[in-house]
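Trainee: Please find one structure pasted underneath; my questions will follow.
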Amino acid sequence: MGRPPTRQQAPAPLYRPVPCTVQSVADLTPTEKLFRLVREDGRPFGHRPGQFVQVSMLGAGEAPISVSSSPTRGPYLDLGVRRAGELTGLMHEVLAPGAEVGIRGPFGTSFDTDAMRGGDVLLIAGGCGLAPMRALIQYCEDRRDEFGNVTVLYGARTPEDRLYKDDLAEWSRSPHLDCRCTVDEAPPDQQWDGNVGVITTLMPPLEVDPQRTTAVIVGPPVMYRFVISELEAKRLRHDQVIVSLERHMKCGVGKCGHCTIEHLYCCLDGPVFRLDEIIHLKGAI
Ligand SMILES: Cc1cc2nc3c(=O)[nH]c(=O)nc-3n(C[C@H](O)[C@H](O)[C@H](O)COP(=O)(O)OP(=O)(O)OC[C@H]3O[C@@H](n4cnc5c(N)ncnc54)[C@H](O)[C@@H]3O)c2cc1C
Ligand code: FES
């Protein structure tokens, strides 16, 4: 399988946020909003699917947020942001089209699309994991000829909690993707006629060719172990599995040590790792 994700060459400036303008804001769920940003100097961000940026607002500090759009879509960044605390709360409250925010990055490793090229890809996202996965799904859609079968599995807590519902509806109809969704529970006041159960309930019926498949997993920590067991049952080796891991981050550039997994820095060596590189590390999965 492909090369391990390499430590990225951090773009300049590492420390000074680039001024960006909010182009649009949309509600994704009651607690998540989608912000589309462009650089004020009109230049592209130069990101790759799987990377993150540090978003800053005056007086509220900054936070790492995954890039949710593929560079193949245009010179903008889509960020799907959950209202969690100070910075993300302020983003939800005050950011409207025309507002200014700062962006450092893009930072971190990306999904190794070179390793996936020519084979089948199985993209498995849970909850907020659809944020970075959306960038990879868009990339696969836009470069469809480069991949074999593209399968997307997505699990959310309830139908209402699903991120990117319009995209999910479009992917479910698309002849180019096999997109399957599930929810942990479907309360009676929420319309849902799909699968109910955790994401691994979508996996046994899948036909996976272990000779030509790369799997990518992004989701809450509890998901990884169970999904990895299902992939092992389908005879995928650990070097055929790519994971994106979330850790508390401060600097995003390898200086503060907040994000370490043993000797690795999640912000520099990750957040995207090949499973065989990290599965033996304490606390990684
Ligand atoms: C690589 C990476 C990508 C991320 N991508 C996204 C994304 O696409 N969308 C999104 O909504 N969020 C994402 N997050 C999480 C996001 O960075 C945090 O929710 C954010 O830092 C909260 O900032 P705040 O100032 O609003 O909250 P704060 O006021 O700083 O904190 C609010 C609460 O959230 C907790 N918290 C802060 N960071 C994390 C974290 N990394 N994991 C768990 N709890 C945390 C704090 O301990 C505190 O309890 C990502 C995190 C990382 C490391
Ligand atoms: S976030 Fe500071 S070292 Fe990784």
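Going by the structure tokens order, chains are called A, B, ..., each with residues numbered from 1, while ligands are numbered from 1 in the order shown.
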Got a sec: who's within 10 Å of Thr260 of chain A, counting only C-alpha atoms, leaving out chain neighbours fewer than 6 positions off, as number ranges by chain?
Mentor: A: 247-249, 254, 266-270, 284
Trainee: Could you save the residues just selected, with N, CA and C atoms, as a compact mmCIF listing (two decimals), in the first residue's frame?
Mentor:
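Saved to part05.txt:
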```txt
# COMPACT_ATOMS: atom_id res chain seq x y z
N ARG A 247 -7.15 15.33 18.65
CA ARG A 247 -6.57 15.54 19.97
C ARG A 247 -6.72 17.01 20.32
N HIS A 248 -6.67 17.33 21.60
CA HIS A 248 -6.64 18.75 21.99
C HIS A 248 -5.43 19.40 21.35
N MET A 249 -5.64 20.50 20.69
CA MET A 249 -4.51 21.20 20.05
C MET A 249 -4.53 22.65 20.46
N GLY A 254 3.36 22.06 16.20
CA GLY A 254 4.43 21.28 16.82
C GLY A 254 5.23 21.99 17.90
N CYS A 266 0.16 15.10 16.91
CA CYS A 266 -1.03 14.92 16.08
C CYS A 266 -1.17 16.05 15.06
N CYS A 267 -0.67 17.26 15.42
CA CYS A 267 -0.84 18.40 14.51
C CYS A 267 0.13 18.36 13.34
N LEU A 268 1.29 17.70 13.51
CA LEU A 268 2.29 17.67 12.44
C LEU A 268 2.34 16.31 11.75
N ASP A 269 2.41 15.24 12.58
CA ASP A 269 2.49 13.88 12.03
C ASP A 269 1.11 13.38 11.63
N GLY A 270 0.08 14.01 12.15
CA GLY A 270 -1.31 13.71 11.84
C GLY A 270 -1.98 14.98 11.40
N ALA A 284 -3.59 5.65 21.26
CA ALA A 284 -3.84 6.18 19.92
C ALA A 284 -5.27 5.89 19.48
```
Trainee: Residues within 8 Å of Leu14 of chain A, please, as a list in words. Count only C-alpha atoms; anything in the same chain fewer than 6 positions from it doesn't count.
Mentor: Arg104, Gly105 and Val253 of chain A
Trainee: I'd like a table as CSV: residues in chain A with an atom no more than 6 Å from ligand 1, each row giving the shortest atom pair and its distance in Å to one decimal, only C-alpha atoms and all ligand atoms counted, sorted by chain and rising residue number.
Mentor:
```
residue,atom,partner,partner_atom_place_in_ligand_line,distance
A:Phe52,CA,ligand 1,1 (C),5.6
A:Ala63,CA,ligand 1,21 (O),4.1
A:Pro64,CA,ligand 1,17 (O),4.2
A:Ile65,CA,ligand 1,5 (N),3.6
A:Ser66,CA,ligand 1,8 (O),3.8
A:Gly80,CA,ligand 1,9 (N),5.2
A:Val81,CA,ligand 1,11 (O),3.5
A:Arg82,CA,ligand 1,11 (O),3.6
A:Ala84,CA,ligand 1,26 (O),4.6
A:Gly85,CA,ligand 1,27 (O),3.3
A:Glu86,CA,ligand 1,29 (O),4.0
A:Leu87,CA,ligand 1,25 (O),3.7
A:Thr88,CA,ligand 1,26 (O),3.6
A:Gly89,CA,ligand 1,26 (O),5.6
A:Ala131,CA,ligand 1,8 (O),5.2
A:Glu246,CA,ligand 1,53 (C),4.6
A:Arg247,CA,ligand 1,53 (C),4.7
A:His248,CA,ligand 1,41 (N),3.8
A:Met249,CA,ligand 1,53 (C),5.2
A:Pro271,CA,ligand 1,1 (C),5.9
```
Trainee: Could you list, as a list in words, every residue within 6 Å of segment 155-164 of chain A, counting only C-alpha atoms and ignoring same-chain residues fewer than 5 positions away?
Mentor: Leu28, Gly126, Gly127, Cys181, Thr182, Val183, Asp184, Glu185, Ala186 and Ile199 of chain A
Trainee: Which residues are near Arg237 of chain A? Cut-off 10 Å, only C-alpha atoms, ignore same chain within fewer than 3 positions. Put them as a PyMOL selection string.
Mentor: chain A and resi 1+210-211+213-215+228+231-234+240-241+275-276
Trainee: Could you go through segment 16-117 of chain A and tell me which residues DSSP, when run on the backbone, assigns to helix (DSSP H, G or I), listing them as a PyMOL selection string?
Mentor: chain A and resi 71-73+86-94+113-116
Trainee: Please identify the strand (DSSP E) residues within segment 49-234 of chain A (assignment by DSSP from backbone atoms) and present them as a count of residues only.
Mentor: 54
Trainee: Which residues come within 12 Å of Val101 of chain A, counting only C-alpha atoms, excluding same-chain residues fewer than 4 positions away, as a JSON list (two decimals) with N, CA and C atoms, in the first residue's frame?
Mentor:
```json
[["chain", "number", "residue", "atom", "x", "y", "z"],
["A", 17, "PRO", "N", -2.19, 34.98, 11.51],
["A", 17, "PRO", "CA", -3.40, 34.62, 10.77],
["A", 17, "PRO", "C", -3.56, 35.44, 9.50],
["A", 18, "VAL", "N", -4.03, 34.79, 8.45],
["A", 18, "VAL", "CA", -4.32, 35.46, 7.18],
["A", 18, "VAL", "C", -5.76, 35.98, 7.25],
["A", 19, "PRO", "N", -6.00, 37.24, 6.92],
["A", 19, "PRO", "CA", -7.37, 37.75, 6.96],
["A", 19, "PRO", "C", -8.26, 37.11, 5.89],
["A", 20, "CYS", "N", -9.42, 36.65, 6.33],
["A", 20, "CYS", "CA", -10.37, 35.97, 5.43],
["A", 20, "CYS", "C", -11.75, 36.58, 5.62],
["A", 21, "THR", "N", -12.57, 36.46, 4.58],
["A", 21, "THR", "CA", -13.93, 36.99, 4.63],
["A", 21, "THR", "C", -14.93, 35.84, 4.61],
["A", 22, "VAL", "N", -15.96, 35.96, 5.42],
["A", 22, "VAL", "CA", -17.04, 34.97, 5.40],
["A", 22, "VAL", "C", -17.91, 35.24, 4.17],
["A", 23, "GLN", "N", -18.02, 34.22, 3.32],
["A", 23, "GLN", "CA", -18.83, 34.39, 2.10],
["A", 23, "GLN", "C", -20.28, 34.01, 2.35],
["A", 35, "PHE", "N", -19.67, 27.47, 7.50],
["A", 35, "PHE", "CA", -19.11, 28.76, 7.12],
["A", 35, "PHE", "C", -18.26, 28.56, 5.86],
["A", 36, "ARG", "N", -18.50, 29.41, 4.86],
["A", 36, "ARG", "CA", -17.62, 29.40, 3.68],
["A", 36, "ARG", "C", -16.74, 30.65, 3.72],
["A", 37, "LEU", "N", -15.43, 30.43, 3.64],
["A", 37, "LEU", "CA", -14.47, 31.54, 3.77],
["A", 37, "LEU", "C", -13.63, 31.67, 2.50],
["A", 38, "VAL", "N", -13.27, 32.92, 2.19],
["A", 38, "VAL", "CA", -12.28, 33.16, 1.14],
["A", 38, "VAL", "C", -11.18, 34.05, 1.72],
["A", 39, "ARG", "N", -9.97, 33.92, 1.18],
["A", 39, "ARG", "CA", -8.90, 34.82, 1.61],
["A", 39, "ARG", "C", -9.14, 36.21, 1.04],
["A", 40, "GLU", "N", -8.82, 37.23, 1.83],
["A", 40, "GLU", "CA", -9.05, 38.60, 1.35],
["A", 40, "GLU", "C", -8.14, 38.95, 0.19],
["A", 53, "VAL", "N", -7.41, 23.83, 9.73],
["A", 53, "VAL", "CA", -6.91, 25.21, 9.87],
["A", 53, "VAL", "C", -7.15, 25.67, 11.31],
["A", 54, "GLN", "N", -6.42, 26.69, 11.72],
["A", 54, "GLN", "CA", -6.68, 27.35, 13.00],
["A", 54, "GLN", "C", -7.48, 28.60, 12.69],
["A", 55, "VAL", "N", -8.72, 28.64, 13.20],
["A", 55, "VAL", "CA", -9.61, 29.80, 12.97],
["A", 55, "VAL", "C", -9.48, 30.73, 14.17],
["A", 56, "SER", "N", -9.34, 32.05, 13.92],
["A", 56, "SER", "CA", -9.25, 32.98, 15.06],
["A", 56, "SER", "C", -10.19, 34.16, 14.90],
["A", 57, "MET", "N", -10.66, 34.62, 16.07],
["A", 57, "MET", "CA", -11.46, 35.85, 16.13],
["A", 57, "MET", "C", -10.93, 36.68, 17.29],
["A", 58, "LEU", "N", -10.88, 37.98, 17.06],
["A", 58, "LEU", "CA", -10.31, 38.88, 18.06],
["A", 58, "LEU", "C", -11.00, 38.71, 19.42],
["A", 59, "GLY", "N", -10.21, 38.49, 20.46],
["A", 59, "GLY", "CA", -10.76, 38.39, 21.81],
["A", 59, "GLY", "C", -11.26, 37.01, 22.18],
["A", 60, "ALA", "N", -11.36, 36.09, 21.22],
["A", 60, "ALA", "CA", -11.90, 34.76, 21.53],
["A", 60, "ALA", "C", -10.87, 33.66, 21.32],
["A", 61, "GLY", "N", -9.68, 34.02, 20.84],
["A", 61, "GLY", "CA", -8.65, 33.01, 20.64],
["A", 61, "GLY", "C", -8.83, 32.28, 19.32],
["A", 62, "GLU", "N", -8.37, 31.03, 19.29],
["A", 62, "GLU", "CA", -8.47, 30.28, 18.05],
["A", 62, "GLU", "C", -8.77, 28.81, 18.33],
["A", 63, "ALA", "N", -9.19, 28.10, 17.30],
["A", 63, "ALA", "CA", -9.52, 26.68, 17.44],
["A", 63, "ALA", "C", -9.22, 25.96, 16.13],
["A", 87, "LEU", "N", -14.67, 30.31, 21.24],
["A", 87, "LEU", "CA", -14.46, 30.73, 19.85],
["A", 87, "LEU", "C", -15.62, 30.28, 18.95],
["A", 88, "THR", "N", -15.96, 28.99, 19.08],
["A", 88, "THR", "CA", -17.01, 28.47, 18.20],
["A", 88, "THR", "C", -18.37, 29.10, 18.55],
["A", 90, "LEU", "N", -18.77, 32.22, 19.59],
["A", 90, "LEU", "CA", -18.77, 33.55, 18.98],
["A", 90, "LEU", "C", -18.97, 33.45, 17.46],
["A", 91, "MET", "N", -18.36, 32.44, 16.86],
["A", 91, "MET", "CA", -18.57, 32.26, 15.40],
["A", 91, "MET", "C", -20.05, 32.10, 15.11],
["A", 94, "VAL", "N", -21.92, 35.74, 15.90],
["A", 94, "VAL", "CA", -21.71, 37.01, 15.19],
["A", 94, "VAL", "C", -21.30, 36.88, 13.73],
["A", 95, "LEU", "N", -20.84, 35.72, 13.29],
["A", 95, "LEU", "CA", -20.33, 35.69, 11.91],
["A", 95, "LEU", "C", -21.47, 35.66, 10.90],
["A", 96, "ALA", "N", -21.43, 36.65, 10.00],
["A", 96, "ALA", "CA", -22.40, 36.76, 8.92],
["A", 96, "ALA", "C", -21.61, 37.06, 7.65],
["A", 97, "PRO", "N", -22.22, 36.93, 6.47],
["A", 97, "PRO", "CA", -21.49, 37.23, 5.24],
["A", 97, "PRO", "C", -20.85, 38.61, 5.31]]
```
Trainee: Could you check which of A:Gly257, A:Gly102, A:Pro75, A:Pro221 is closest to Gly283 of chain A, using only C-alpha atoms?
Mentor: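 Once distances to Gly283 of chain A are computed over only C-alpha atoms, the minimum belongs to A:Pro221.
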